[in-house]
$ cat entry21.txt   # compact mmCIF, C-alpha atoms
# COMPACT_ATOMS: atom_id res chain seq x y z
CA MET A 1467 61.84 206.54 109.86
CA GLU A 1468 59.85 205.56 106.80
CA CYS A 1469 61.66 204.07 103.81
CA PHE A 1470 61.49 206.12 100.62
CA ARG A 1471 60.07 204.76 97.37
CA PHE A 1472 62.02 205.61 94.25
CA ALA A 1473 60.34 208.24 92.12
CA ARG A 1474 59.98 208.15 88.38
CA PRO A 1475 61.30 208.78 85.71
CA ALA A 1476 64.25 206.41 85.66
CA ALA A 1477 66.82 209.21 85.85
CA ALA A 1478 65.42 210.13 89.24
CA VAL A 1479 65.66 206.50 90.30
CA PHE A 1480 69.41 206.36 89.72
CA ALA A 1481 69.92 209.78 91.28
CA LEU A 1482 68.34 208.44 94.45
CA MET A 1483 70.29 205.19 94.19
CA LEU A 1484 73.51 207.13 94.49
CA THR A 1485 72.36 208.76 97.73
CA ALA A 1486 70.41 205.82 99.19
CA THR A 1487 70.06 206.14 102.94
CA VAL A 1488 70.95 203.44 105.42
CA ALA A 1489 67.59 203.96 107.12
CA CYS A 1490 65.99 201.20 105.07
CA ALA A 1491 68.95 198.85 105.05
CA GLN A 1492 67.25 196.70 107.69
CA GLU A 1493 64.20 196.10 105.52
CA PRO A 1494 64.30 192.51 104.22
CA GLY A 1495 65.21 191.74 100.64
CA TYR A 1496 62.20 189.39 100.50
CA GLY A 1497 59.17 191.05 102.04
CA PRO A 1498 55.87 192.79 101.30
CA ASN A 1499 57.63 195.78 99.64
CA THR A 1500 59.96 193.79 97.38
CA TYR A 1501 57.58 193.82 94.43
CA ASP A 1502 57.12 197.60 94.29
CA ARG A 1503 60.83 198.29 94.75
CA THR A 1504 61.78 195.78 92.06
CA LEU A 1505 59.26 197.28 89.66
CA ASP A 1506 61.02 200.63 90.05
CA ALA A 1507 64.34 198.92 89.31
CA LEU A 1508 62.85 197.33 86.19
CA ILE A 1509 61.70 200.72 84.90
CA ALA A 1510 65.16 202.19 85.47
CA HIS A 1511 66.85 199.34 83.60
CA GLU A 1512 64.35 199.57 80.74
CA ASP A 1513 65.46 203.17 80.37
CA ILE A 1514 69.10 202.06 80.17
CA ALA A 1515 68.21 199.46 77.55
CA SER A 1516 66.31 202.02 75.48
CA ARG A 1517 69.48 204.15 75.36
CA GLY A 1518 71.63 201.30 74.09
CA GLY A 1519 72.63 199.61 77.34
CA TRP A 1520 76.07 199.84 78.88
CA PRO A 1521 79.46 199.24 77.25
CA GLN A 1522 81.59 196.11 77.62
CA VAL A 1523 84.51 196.62 79.98
CA PRO A 1524 87.86 195.42 78.54
CA GLY A 1525 89.59 192.57 80.31
CA GLY A 1526 92.65 194.73 80.89
CA VAL A 1527 91.01 196.37 83.91
CA THR A 1528 91.71 193.24 85.97
CA ALA A 1529 95.41 194.15 85.93
CA LEU A 1530 94.83 197.71 87.15
CA LYS A 1531 94.98 198.99 90.70
CA PRO A 1532 93.92 202.26 92.35
CA GLY A 1533 96.05 205.04 90.95
CA SER A 1534 96.39 203.40 87.53
CA GLN A 1535 95.60 205.37 84.40
CA GLY A 1536 94.45 204.38 80.94
CA PRO A 1537 91.56 204.03 78.45
CA GLU A 1538 90.28 200.92 80.25
CA ILE A 1539 89.52 203.13 83.28
CA ALA A 1540 87.41 205.46 81.15
CA ALA A 1541 85.34 202.48 79.91
CA LEU A 1542 84.97 201.17 83.47
CA LYS A 1543 83.81 204.55 84.75
CA GLN A 1544 81.29 204.87 81.92
CA ARG A 1545 79.89 201.44 82.76
CA LEU A 1546 79.63 202.27 86.46
CA MET A 1547 77.99 205.60 85.80
CA LEU A 1548 75.29 204.04 83.64
CA SER A 1549 74.34 201.55 86.35
CA GLY A 1550 74.14 204.25 89.01
CA ASP A 1551 77.28 203.25 90.88
CA LEU A 1552 79.41 206.28 89.94
CA PRO A 1553 78.13 209.87 90.16
CA PRO A 1554 78.16 211.60 86.75
CA ALA A 1555 80.37 214.33 88.20
CA ALA A 1556 83.13 211.75 88.76
CA LEU A 1557 83.08 210.52 85.15
CA PRO A 1558 85.75 212.76 83.54
CA GLY A 1559 89.29 211.42 83.51
CA ASP A 1560 90.93 208.05 83.09
CA ILE A 1561 92.47 207.61 86.55
CA TYR A 1562 91.48 204.80 88.92
CA ASP A 1563 90.74 207.35 91.63
CA ALA A 1564 88.99 207.15 94.99
CA ALA A 1565 85.57 207.73 93.42
CA THR A 1566 86.15 204.81 91.05
CA VAL A 1567 87.23 202.56 93.91
CA ALA A 1568 84.07 203.47 95.83
CA ALA A 1569 81.94 202.82 92.76
CA VAL A 1570 83.52 199.40 92.17
CA LYS A 1571 82.92 198.49 95.81
CA ARG A 1572 79.30 199.57 95.52
CA PHE A 1573 78.89 197.47 92.39
CA GLN A 1574 80.46 194.47 94.13
CA VAL A 1575 78.10 194.78 97.11
CA ARG A 1576 75.14 194.84 94.73
CA HIS A 1577 76.32 191.61 93.10
CA GLY A 1578 77.19 189.68 96.23
CA LEU A 1579 80.94 189.93 95.70
CA SER A 1580 83.73 190.82 98.10
CA ASP A 1581 83.99 194.62 98.08
CA LEU A 1582 87.70 194.89 97.36
CA GLY A 1583 87.48 197.93 95.08
CA THR A 1584 89.50 196.22 92.33
CA VAL A 1585 88.10 194.36 89.32
CA GLY A 1586 88.73 190.63 89.53
CA ARG A 1587 87.42 187.84 87.32
CA LEU A 1588 83.97 187.61 88.92
CA THR A 1589 83.52 191.39 88.99
CA LEU A 1590 84.47 191.69 85.31
CA LYS A 1591 82.01 188.92 84.46
CA ALA A 1592 79.22 190.74 86.30
CA LEU A 1593 80.10 194.09 84.70
CA ASN A 1594 79.77 192.57 81.24
CA VAL A 1595 76.37 190.96 81.71
CA PRO A 1596 74.12 192.75 79.18
CA VAL A 1597 71.34 194.94 80.51
CA GLU A 1598 68.83 192.71 78.69
CA VAL A 1599 69.82 189.82 80.99
CA ARG A 1600 69.39 192.05 84.01
CA LEU A 1601 65.94 193.04 82.74
CA ASN A 1602 65.03 189.37 82.46
CA GLN A 1603 66.18 188.75 86.04
CA LEU A 1604 64.07 191.60 87.40
CA THR A 1605 61.09 190.45 85.35
CA ALA A 1606 61.51 186.89 86.66
CA THR A 1607 61.47 188.19 90.23
CA LEU A 1608 58.31 190.16 89.60
CA GLU A 1609 56.61 187.10 88.10
CA ARG A 1610 57.61 184.95 91.07
CA LEU A 1611 56.35 187.58 93.52
CA LYS A 1612 53.04 187.91 91.67
CA GLY A 1613 52.45 184.20 92.19
CA ASN A 1614 53.97 184.16 95.66
CA GLY A 1615 52.13 181.94 98.14
CA PHE A 1616 54.21 182.80 101.21
CA VAL A 1617 52.50 184.80 103.95
CA PHE A 1618 54.89 187.25 105.64
CA ALA A 1619 54.44 186.62 109.34
CA GLU A 1620 55.56 188.73 112.30
CA ARG A 1621 58.70 186.57 112.45
CA TYR A 1622 60.07 184.63 109.51
CA VAL A 1623 63.30 183.39 107.95
CA VAL A 1624 64.20 183.57 104.26
CA VAL A 1625 66.91 181.74 102.36
CA ASN A 1626 67.65 183.32 98.98
CA ILE A 1627 69.21 180.47 97.02
CA PRO A 1628 71.00 182.45 94.24
CA GLY A 1629 72.21 184.90 96.89
CA ALA A 1630 73.41 182.07 99.16
CA SER A 1631 72.23 184.18 102.09
CA VAL A 1632 69.75 184.12 104.97
CA GLU A 1633 67.72 186.81 106.70
CA ALA A 1634 65.83 186.50 109.98
CA VAL A 1635 63.00 189.05 110.03
CA GLU A 1636 60.84 190.38 112.85
CA ASN A 1637 58.17 193.06 112.47
CA GLY A 1638 59.46 193.91 109.01
CA VAL A 1639 63.04 194.47 110.18
CA VAL A 1640 66.04 192.21 109.54
CA GLN A 1641 67.39 190.99 112.88
CA ARG A 1642 70.09 188.67 111.54
CA ARG A 1643 71.88 188.29 108.21
CA HIS A 1644 73.95 185.19 107.48
CA LEU A 1645 76.01 183.86 104.61
CA ALA A 1646 74.95 180.42 103.43
CA VAL A 1647 76.22 177.55 101.33
CA VAL A 1648 73.45 176.08 99.19
CA GLY A 1649 73.03 173.29 96.65
CA ARG A 1650 75.34 172.98 93.70
CA PRO A 1651 73.70 172.91 90.25
CA ASP A 1652 73.62 169.11 90.01
CA ARG A 1653 72.09 168.89 93.51
CA PRO A 1654 70.03 172.09 93.72
CA SER A 1655 68.34 173.49 96.79
CA PRO A 1656 64.54 173.50 96.36
CA VAL A 1657 62.15 176.44 96.49
CA LEU A 1658 59.72 175.82 99.35
CA GLN A 1659 57.96 177.10 102.42
CA ALA A 1660 57.87 175.32 105.77
CA ASN A 1661 57.85 175.96 109.51
CA ILE A 1662 60.92 175.82 111.72
CA THR A 1663 59.89 173.71 114.70
CA SER A 1664 63.03 172.78 116.63
CA VAL A 1665 66.77 173.13 117.04
CA ASN A 1666 68.82 169.94 117.23
CA LEU A 1667 72.11 170.03 119.13
CA ASN A 1668 74.86 167.52 118.35
CA PRO A 1669 72.69 165.94 115.64
CA TYR A 1670 73.03 162.64 113.87
CA TRP A 1671 73.18 162.79 110.08
CA THR A 1672 71.14 160.12 108.35
CA VAL A 1673 72.74 160.05 104.94
CA PRO A 1674 70.22 160.21 102.06
CA MET A 1675 70.23 157.08 99.93
CA SER A 1676 71.09 159.17 96.88
CA ILE A 1677 74.34 160.25 98.58
CA VAL A 1678 75.03 156.71 99.81
CA LYS A 1679 74.90 155.52 96.19
CA ALA A 1680 76.65 158.50 94.60
CA ASP A 1681 79.34 159.15 97.19
CA ILE A 1682 79.74 156.64 100.01
CA ILE A 1683 79.74 153.40 98.00
CA PRO A 1684 82.43 154.71 95.58
CA HIS A 1685 84.48 155.90 98.59
CA MET A 1686 84.23 152.48 100.23
CA ARG A 1687 85.38 150.79 97.03
CA LYS A 1688 88.52 152.93 97.09
CA ASP A 1689 89.05 153.03 100.86
CA PRO A 1690 87.42 150.30 103.01
CA GLY A 1691 88.12 152.40 106.09
CA PHE A 1692 86.11 155.40 104.90
CA ILE A 1693 83.01 154.63 107.04
CA ALA A 1694 85.05 154.36 110.24
CA LYS A 1695 87.20 157.41 109.45
CA SER A 1696 84.04 159.46 108.88
CA ASN A 1697 82.53 158.50 112.26
CA MET A 1698 79.68 156.69 110.49
CA LYS A 1699 77.75 153.51 111.19
CA LEU A 1700 75.80 151.09 108.98
CA LEU A 1701 72.40 150.34 110.51
CA GLY A 1702 69.93 147.72 109.38
CA ALA A 1703 66.55 146.51 110.61
CA GLU A 1704 65.72 147.60 114.16
CA ASN A 1705 68.82 149.81 114.08
CA ARG A 1706 71.15 146.85 114.34
CA GLU A 1707 74.70 147.81 113.47
CA ILE A 1708 76.29 146.13 110.45
CA ASP A 1709 80.02 145.57 110.06
CA PRO A 1710 81.19 147.43 106.92
CA ALA A 1711 83.64 144.57 106.27
CA SER A 1712 80.69 142.20 105.81
CA VAL A 1713 79.36 144.21 102.84
CA ASN A 1714 80.34 143.34 99.27
CA TRP A 1715 80.93 146.94 98.21
CA ALA A 1716 82.21 145.98 94.75
CA SER A 1717 78.83 144.66 93.60
CA LEU A 1718 76.51 146.66 95.88
CA THR A 1719 73.84 148.63 94.01
CA ASN A 1720 70.81 148.62 96.32
CA PRO A 1721 71.90 149.02 99.95
CA TYR A 1722 69.96 147.00 102.54
CA PHE A 1723 71.04 149.38 105.29
CA TYR A 1724 71.22 153.08 105.96
CA VAL A 1725 74.24 155.15 106.93
CA ARG A 1726 74.28 157.38 109.98
CA GLN A 1727 77.04 159.77 110.96
CA GLU A 1728 77.45 160.12 114.71
CA PRO A 1729 77.39 163.48 116.54
CA GLY A 1730 80.60 165.43 116.83
CA PRO A 1731 82.54 168.40 115.45
CA THR A 1732 83.32 166.53 112.20
CA ASN A 1733 79.68 165.63 111.55
CA SER A 1734 78.56 166.94 108.15
CA LEU A 1735 75.79 168.88 109.90
CA GLY A 1736 78.28 170.40 112.31
CA GLN A 1737 76.98 170.64 115.87
CA LEU A 1738 73.60 172.23 115.26
CA LYS A 1739 70.67 171.62 112.92
CA ILE A 1740 67.58 173.77 112.43
CA ASP A 1741 64.68 171.43 111.75
CA MET A 1742 61.96 172.50 109.30
CA PRO A 1743 59.87 169.45 108.30
CA ASN A 1744 59.15 169.49 104.57
CA GLY A 1745 58.60 167.17 101.65
CA GLU A 1746 62.02 167.96 100.15
CA ALA A 1747 63.89 166.65 103.23
CA VAL A 1748 66.13 169.72 103.52
CA TYR A 1749 66.99 171.95 106.43
CA MET A 1750 69.54 174.48 107.69
CA HIS A 1751 72.60 173.45 109.63
CA ASP A 1752 76.12 174.07 110.85
CA THR A 1753 79.18 172.75 109.02
CA PRO A 1754 82.72 171.77 109.96
CA LYS A 1755 83.91 173.38 106.71
CA LYS A 1756 83.81 177.01 107.82
CA THR A 1757 86.23 178.13 105.08
CA LEU A 1758 83.47 177.72 102.47
CA PHE A 1759 81.87 180.93 103.75
CA ARG A 1760 84.91 182.91 102.60
CA ASN A 1761 84.06 182.24 98.95
CA ASP A 1762 81.96 184.57 96.81
CA VAL A 1763 80.55 181.51 95.02
CA ARG A 1764 78.88 179.30 97.65
CA PHE A 1765 77.08 176.51 95.81
CA ASN A 1766 78.68 173.44 97.36
CA SER A 1767 76.03 171.51 99.28
CA SER A 1768 73.80 168.61 98.27
CA GLY A 1769 70.60 170.64 98.75
CA CYS A 1770 70.54 171.78 102.37
CA ALA A 1771 71.66 175.22 103.51
CA ARG A 1772 74.78 175.51 105.64
CA ILE A 1773 74.59 178.70 107.69
CA GLU A 1774 77.47 180.84 108.92
CA GLY A 1775 76.87 181.80 112.55
CA VAL A 1776 74.04 179.28 112.79
CA ARG A 1777 74.19 179.34 116.61
CA ASP A 1778 73.26 183.04 116.55
CA LEU A 1779 70.30 182.21 114.32
CA ALA A 1780 69.28 179.36 116.64
CA ALA A 1781 69.37 181.69 119.66
CA TRP A 1782 67.09 184.12 117.81
CA LEU A 1783 64.67 181.33 116.93
CA LEU A 1784 64.61 180.19 120.58
CA GLU A 1785 63.86 183.63 122.03
CA GLY A 1786 61.16 183.31 124.64
CA THR A 1787 62.60 180.06 125.96
CA GLU A 1788 65.35 179.38 128.48
CA TRP A 1789 67.78 178.66 125.63
CA ASN A 1790 69.96 181.68 125.03
CA GLN A 1791 73.30 181.43 123.25
CA PRO A 1792 75.42 180.65 126.34
CA ALA A 1793 73.01 177.85 127.24
CA ILE A 1794 73.20 176.48 123.68
CA GLU A 1795 77.01 176.58 123.74
CA ALA A 1796 77.13 174.82 127.12
CA GLU A 1797 74.80 172.07 125.93
CA ILE A 1798 76.76 171.52 122.71
CA ALA A 1799 79.93 171.17 124.79
CA LYS A 1800 78.39 168.13 126.51
CA GLY A 1801 78.50 166.29 123.20
CA GLU A 1802 75.07 164.74 123.73
CA ARG A 1803 72.20 164.89 121.26
CA LYS A 1804 69.34 167.19 122.31
CA ASP A 1805 66.23 168.47 120.54
CA ILE A 1806 64.81 171.83 121.62
CA ARG A 1807 61.37 172.84 120.42
CA LEU A 1808 60.64 176.47 119.57
CA LYS A 1809 58.08 178.28 121.70
CA LYS A 1810 56.25 179.04 118.46
CA ALA A 1811 57.01 177.70 114.98
CA VAL A 1812 58.67 180.24 112.68
CA PRO A 1813 57.78 180.23 108.95
CA VAL A 1814 60.69 179.87 106.55
CA ALA A 1815 60.83 180.49 102.80
CA TRP A 1816 63.51 179.26 100.43
CA VAL A 1817 63.23 181.56 97.44
CA TYR A 1818 64.92 181.99 94.07
CA LEU A 1819 65.53 185.69 93.42
CA THR A 1820 68.27 186.70 90.98
CA GLY A 1821 67.36 190.39 90.68
CA TRP A 1822 65.59 192.68 93.15
CA GLN A 1823 65.82 196.07 94.78
CA SER A 1824 66.67 196.02 98.48
CA GLY A 1825 65.41 198.34 101.17
CA ASP A 1826 68.55 200.49 101.06
CA GLY A 1827 67.86 201.38 97.43
CA LEU A 1828 70.49 199.10 95.91
CA VAL A 1829 69.47 196.97 92.95
CA GLN A 1830 70.83 193.51 93.66
CA PHE A 1831 71.76 190.84 91.11
CA ARG A 1832 72.94 187.27 91.54
CA GLU A 1833 73.83 184.64 88.98
CA ASP A 1834 70.97 182.46 87.72
CA ILE A 1835 72.89 179.46 89.04
CA TYR A 1836 70.18 176.87 88.24
CA GLY A 1837 69.00 178.42 84.95
CA LEU A 1838 65.48 179.07 86.27
CA ASP A 1839 64.91 182.58 84.88
CA THR A 1840 62.89 181.09 82.02
CA PRO A 1841 59.09 180.93 81.66
CA GLN A 1842 58.96 177.32 82.81
CA GLY A 1843 61.67 177.83 85.42
CA ILE A 1844 59.74 180.73 86.94
CA VAL A 1845 56.69 178.51 87.40
CA THR A 1846 58.65 175.76 89.13
CA SER A 1847 60.60 178.18 91.34
CA THR A 1848 57.66 180.16 92.70
CA ILE A 1849 56.37 179.40 96.20
CA GLN A 1850 52.86 178.07 95.81
CA ALA A 1851 50.02 178.89 98.20
CA ARG A 1852 49.52 176.23 100.83
CA LYS A 1853 46.69 173.80 100.18
CA PRO A 1854 44.22 173.29 103.03
CA LYS A 1855 44.66 170.05 104.91
CA PRO A 1856 42.28 167.30 103.77
CA ALA A 1857 39.39 166.73 106.15
CA SER A 1858 37.55 163.59 107.18
CA PRO A 1859 33.84 163.24 106.31
CA GLN A 1860 33.04 164.65 109.76
CA GLY A 1861 35.18 167.70 109.03
CA THR A 1862 38.07 166.72 111.28
CA PRO A 1863 41.52 166.99 109.65
CA LEU A 1864 42.91 163.60 108.76
CA PRO A 1865 45.96 162.54 110.80
CA VAL A 1866 49.31 162.86 109.08
CA PRO A 1867 50.99 159.42 108.87
CA ARG A 1868 54.17 159.09 110.88
CA PRO A 1869 57.29 158.19 108.90
CA GLY A 1870 58.74 154.73 109.33
CA ALA A 1871 61.86 154.10 111.34
CA LEU A 1872 64.09 153.92 108.28
CA THR A 1873 62.65 156.92 106.44
CA VAL A 1874 65.46 159.14 105.11
CA THR A 1875 64.85 162.69 106.25
CA ALA A 1876 68.00 164.55 105.41
CA VAL A 1877 69.85 165.99 102.49
CA ASN A 1878 73.16 167.63 103.39
$ encode --input "entry21.txt" --output "structure tokens"
Amino acid sequence: MECFRFARPAAAVFALMLTATVACAQEPGYGPNTYDRTLDALIAHEDIASRGGWPQVPGGVTALKPGSQGPEIAALKQRLMLSGDLPPAALPGDIYDAATVAAVKRFQVRHGLSDLGTVGRLTLKALNVPVEVRLNQLTATLERLKGNGFVFAERYVVVNIPGASVEAVENGVVQRRHLAVVGRPDRPSPVLQANITSVNLNPYWTVPMSIVKADIIPHMRKDPGFIAKSNMKLLGAENREIDPASVNWASLTNPYFYVRQEPGPTNSLGQLKIDMPNGEAVYMHDTPKKTLFRNDVRFNSSGCARIEGVRDLAAWLLEGTEWNQPAIEAEIAKGERKDIRLKKAVPVAWVYLTGWQSGDGLVQFREDIYGLDTPQGIVTSTIQARKPKPASPQGTPLPVPRPGALTVTAVN
């Protein structure tokens, strides 16, 4: 079944939004059709802006539950109607009725929030974002997509950083959707493109030197047993182990060793890592802190992407090999480190989209968590086209130098 394109004018756009079919729900949020869909959403929101935007919703709605009645409900319903979440026929009245609950849930889904049907703090904040900000978000997405250098392959994976979510796509259809935990604002996840080449079971975690300095050294000053409690080792030249007690942590500023966390269920990478070699030294991985996925705000990592259900994603990546999910689980249970190469590398894009229209007709918005919806931010957060590999005078590609033994290759 072919996905519909929203017609114009804008009124027709929102009429269709209210009756969006599920037929296109499996179309990826980031794909060849994202630009055209988002352009339609921009036109619809320009129409809203030209009519004065939507009203502010009073804070009192956070205390109301289904069945409540009052003027705050009338303001909420007006706001939801203008954004296409509540049918105009359901507007009359000031009762928090079933139609209002459904509209709030729809709004919450569009903003990446738990669809509880009641207005909490995060929902109220999203309701009161001015339409001009939403216009800027949609415009920023269109600008990024115009300069997009990512080629949509038959199979690819996309991490939307503001959405803290992952999609695995095959033949234009989403095969897997996963929640993610991405970089916090002071340690942001980068926009990039790379190729997923292998799956690492029971991985080591080589701690980036930035984290050693910012986190581990202060911990060791407070608790000399922190390294041992965290199942970590200090390794020097030729991977010789160093006794943490021999280090003068009080005056240490430039470590002469690196820190490696051993495999195991408490490893910061969990028990599975998806390797995607790139210049930013980031990747996707498991985590022992599964409760983080329950949060609507999931910006807690130091740059990498922690993936809920990462073993399902790994099994999808390894299709065509002997490694199905039961085999992966059995190998992890052995507790031994193992690297499994994909049959064919899968392209991956880490993108920064704060406003877009998805294949099911819903206009999606996420918070501009890194403040990149600015002219300069758009430039730096757009995937650039790959540059051809440099060639030797004879026309043969130059060999890529291998990293040294102590090269840090990970950011958790």
$ closest_residue --input "entry21.txt" --among "A:Pro1596, A:Gly1578, A:Gly1629, A:Gly1550" --to "Asp1834 in chain A" --atoms "all atoms listed in the file"
A:Gly1629
$ atom_distance --input "entry21.txt" --atom1 "CA of Ala1569 in chain A" --atom2 "CA of Thr1584 in chain A"
10.0 Å
$ closest_atom_pairs --input "entry21.txt" --of "range 1782-1850 of chain A" --to "range 1645-1659 of chain A" --cutoff "10 Å" --atoms "all atoms listed in the file" --output "JSON lines"
{"residue": "A:Pro1813", "atom": "CA", "partner": "A:Gln1659", "partner_atom": "CA", "distance": 7.2}
{"residue": "A:Val1814", "atom": "CA", "partner": "A:Gln1659", "partner_atom": "CA", "distance": 5.7}
{"residue": "A:Ala1815", "atom": "CA", "partner": "A:Gln1659", "partner_atom": "CA", "distance": 4.5}
{"residue": "A:Trp1816", "atom": "CA", "partner": "A:Val1657", "partner_atom": "CA", "distance": 5.0}
{"residue": "A:Val1817", "atom": "CA", "partner": "A:Val1657", "partner_atom": "CA", "distance": 5.3}
{"residue": "A:Tyr1818", "atom": "CA", "partner": "A:Val1657", "partner_atom": "CA", "distance": 6.7}
{"residue": "A:Ile1835", "atom": "CA", "partner": "A:Pro1651", "partner_atom": "CA", "distance": 6.7}
{"residue": "A:Tyr1836", "atom": "CA", "partner": "A:Pro1651", "partner_atom": "CA", "distance": 5.7}
{"residue": "A:Gly1837", "atom": "CA", "partner": "A:Pro1651", "partner_atom": "CA", "distance": 9.0}
{"residue": "A:Thr1846", "atom": "CA", "partner": "A:Val1657", "partner_atom": "CA", "distance": 8.2}
{"residue": "A:Ser1847", "atom": "CA", "partner": "A:Val1657", "partner_atom": "CA", "distance": 5.7}
{"residue": "A:Thr1848", "atom": "CA", "partner": "A:Val1657", "partner_atom": "CA", "distance": 7.0}
{"residue": "A:Ile1849", "atom": "CA", "partner": "A:Leu1658", "partner_atom": "CA", "distance": 5.8}
{"residue": "A:Gln1850", "atom": "CA", "partner": "A:Leu1658", "partner_atom": "CA", "distance": 8.0}
$ write_last_selection --input "entry21.txt" --atoms "C-alpha atoms" --output "PDB file, in the frame of the given file"
ATOM      1  CA  PRO A1813      57.780 180.230 108.950  1.00  0.00           C
ATOM      2  CA  VAL A1814      60.690 179.870 106.550  1.00  0.00           C
ATOM      3  CA  ALA A1815      60.830 180.490 102.800  1.00  0.00           C
ATOM      4  CA  TRP A1816      63.510 179.260 100.430  1.00  0.00           C
ATOM      5  CA  VAL A1817      63.230 181.560  97.440  1.00  0.00           C
ATOM      6  CA  TYR A1818      64.920 181.990  94.070  1.00  0.00           C
ATOM      7  CA  ILE A1835      72.890 179.460  89.040  1.00  0.00           C
ATOM      8  CA  TYR A1836      70.180 176.870  88.240  1.00  0.00           C
ATOM      9  CA  GLY A1837      69.000 178.420  84.950  1.00  0.00           C
ATOM     10  CA  THR A1846      58.650 175.760  89.130  1.00  0.00           C
ATOM     11  CA  SER A1847      60.600 178.180  91.340  1.00  0.00           C
ATOM     12  CA  THR A1848      57.660 180.160  92.700  1.00  0.00           C
ATOM     13  CA  ILE A1849      56.370 179.400  96.200  1.00  0.00           C
ATOM     14  CA  GLN A1850      52.860 178.070  95.810  1.00  0.00           C
TER      15      GLN A1850
END
$ residues_around --input "entry21.txt" --residues "Gln1737 in chain A" --least-positions-apart "2" --cutoff "8 Å" --atoms "all atoms listed in the file" --output "MDAnalysis selection string"
chainID A and resid 1667:1669 1729:1731 1733 1735 1739 1752:1753 1798
$ residues_around --input "entry21.txt" --residues "Ala1507 in chain A" --least-positions-apart "3" --cutoff "7 Å" --atoms "all atoms listed in the file" --output "VMD selection string"
chain A and resid 1503 to 1504 1510 to 1511 1823 1829
$ write_last_selection --input "entry21.txt" --atoms "C-alpha atoms" --output "mmCIF file, in the coordinates of the input"
data_model
loop_
_atom_site.group_PDB
_atom_site.id
_atom_site.type_symbol
_atom_site.label_atom_id
_atom_site.label_comp_id
_atom_site.auth_asym_id
_atom_site.auth_seq_id
_atom_site.Cartn_x
_atom_site.Cartn_y
_atom_site.Cartn_z
ATOM 1 C CA ARG A 1503 60.830 198.290 94.750
ATOM 2 C CA THR A 1504 61.780 195.780 92.060
ATOM 3 C CA ALA A 1510 65.160 202.190 85.470
ATOM 4 C CA HIS A 1511 66.850 199.340 83.600
ATOM 5 C CA GLN A 1823 65.820 196.070 94.780
ATOM 6 C CA VAL A 1829 69.470 196.970 92.950
#
$ atom_distance --input "entry21.txt" --atom1 "CA of Ala1781 in chain A" --atom2 "CA of Val1640 in chain A"
15.0 Å
$ residues_around --input "entry21.txt" --residues "Ala1660 in chain A" --least-positions-apart "3" --cutoff "10 Å" --atoms "all atoms listed in the file" --output "mmCIF file with C-alpha atoms, in the coordinates of the input"
data_model
loop_
_atom_site.group_PDB
_atom_site.id
_atom_site.type_symbol
_atom_site.label_atom_id
_atom_site.label_comp_id
_atom_site.auth_asym_id
_atom_site.auth_seq_id
_atom_site.Cartn_x
_atom_site.Cartn_y
_atom_site.Cartn_z
ATOM 1 C CA PHE A 1616 54.210 182.800 101.210
ATOM 2 C CA VAL A 1623 63.300 183.390 107.950
ATOM 3 C CA THR A 1663 59.890 173.710 114.700
ATOM 4 C CA ASP A 1741 64.680 171.430 111.750
ATOM 5 C CA MET A 1742 61.960 172.500 109.300
ATOM 6 C CA PRO A 1743 59.870 169.450 108.300
ATOM 7 C CA ASN A 1744 59.150 169.490 104.570
ATOM 8 C CA GLY A 1745 58.600 167.170 101.650
ATOM 9 C CA TYR A 1749 66.990 171.950 106.430
ATOM 10 C CA ALA A 1811 57.010 177.700 114.980
ATOM 11 C CA VAL A 1812 58.670 180.240 112.680
ATOM 12 C CA PRO A 1813 57.780 180.230 108.950
ATOM 13 C CA VAL A 1814 60.690 179.870 106.550
ATOM 14 C CA ALA A 1815 60.830 180.490 102.800
ATOM 15 C CA TRP A 1816 63.510 179.260 100.430
ATOM 16 C CA ARG A 1852 49.520 176.230 100.830
#
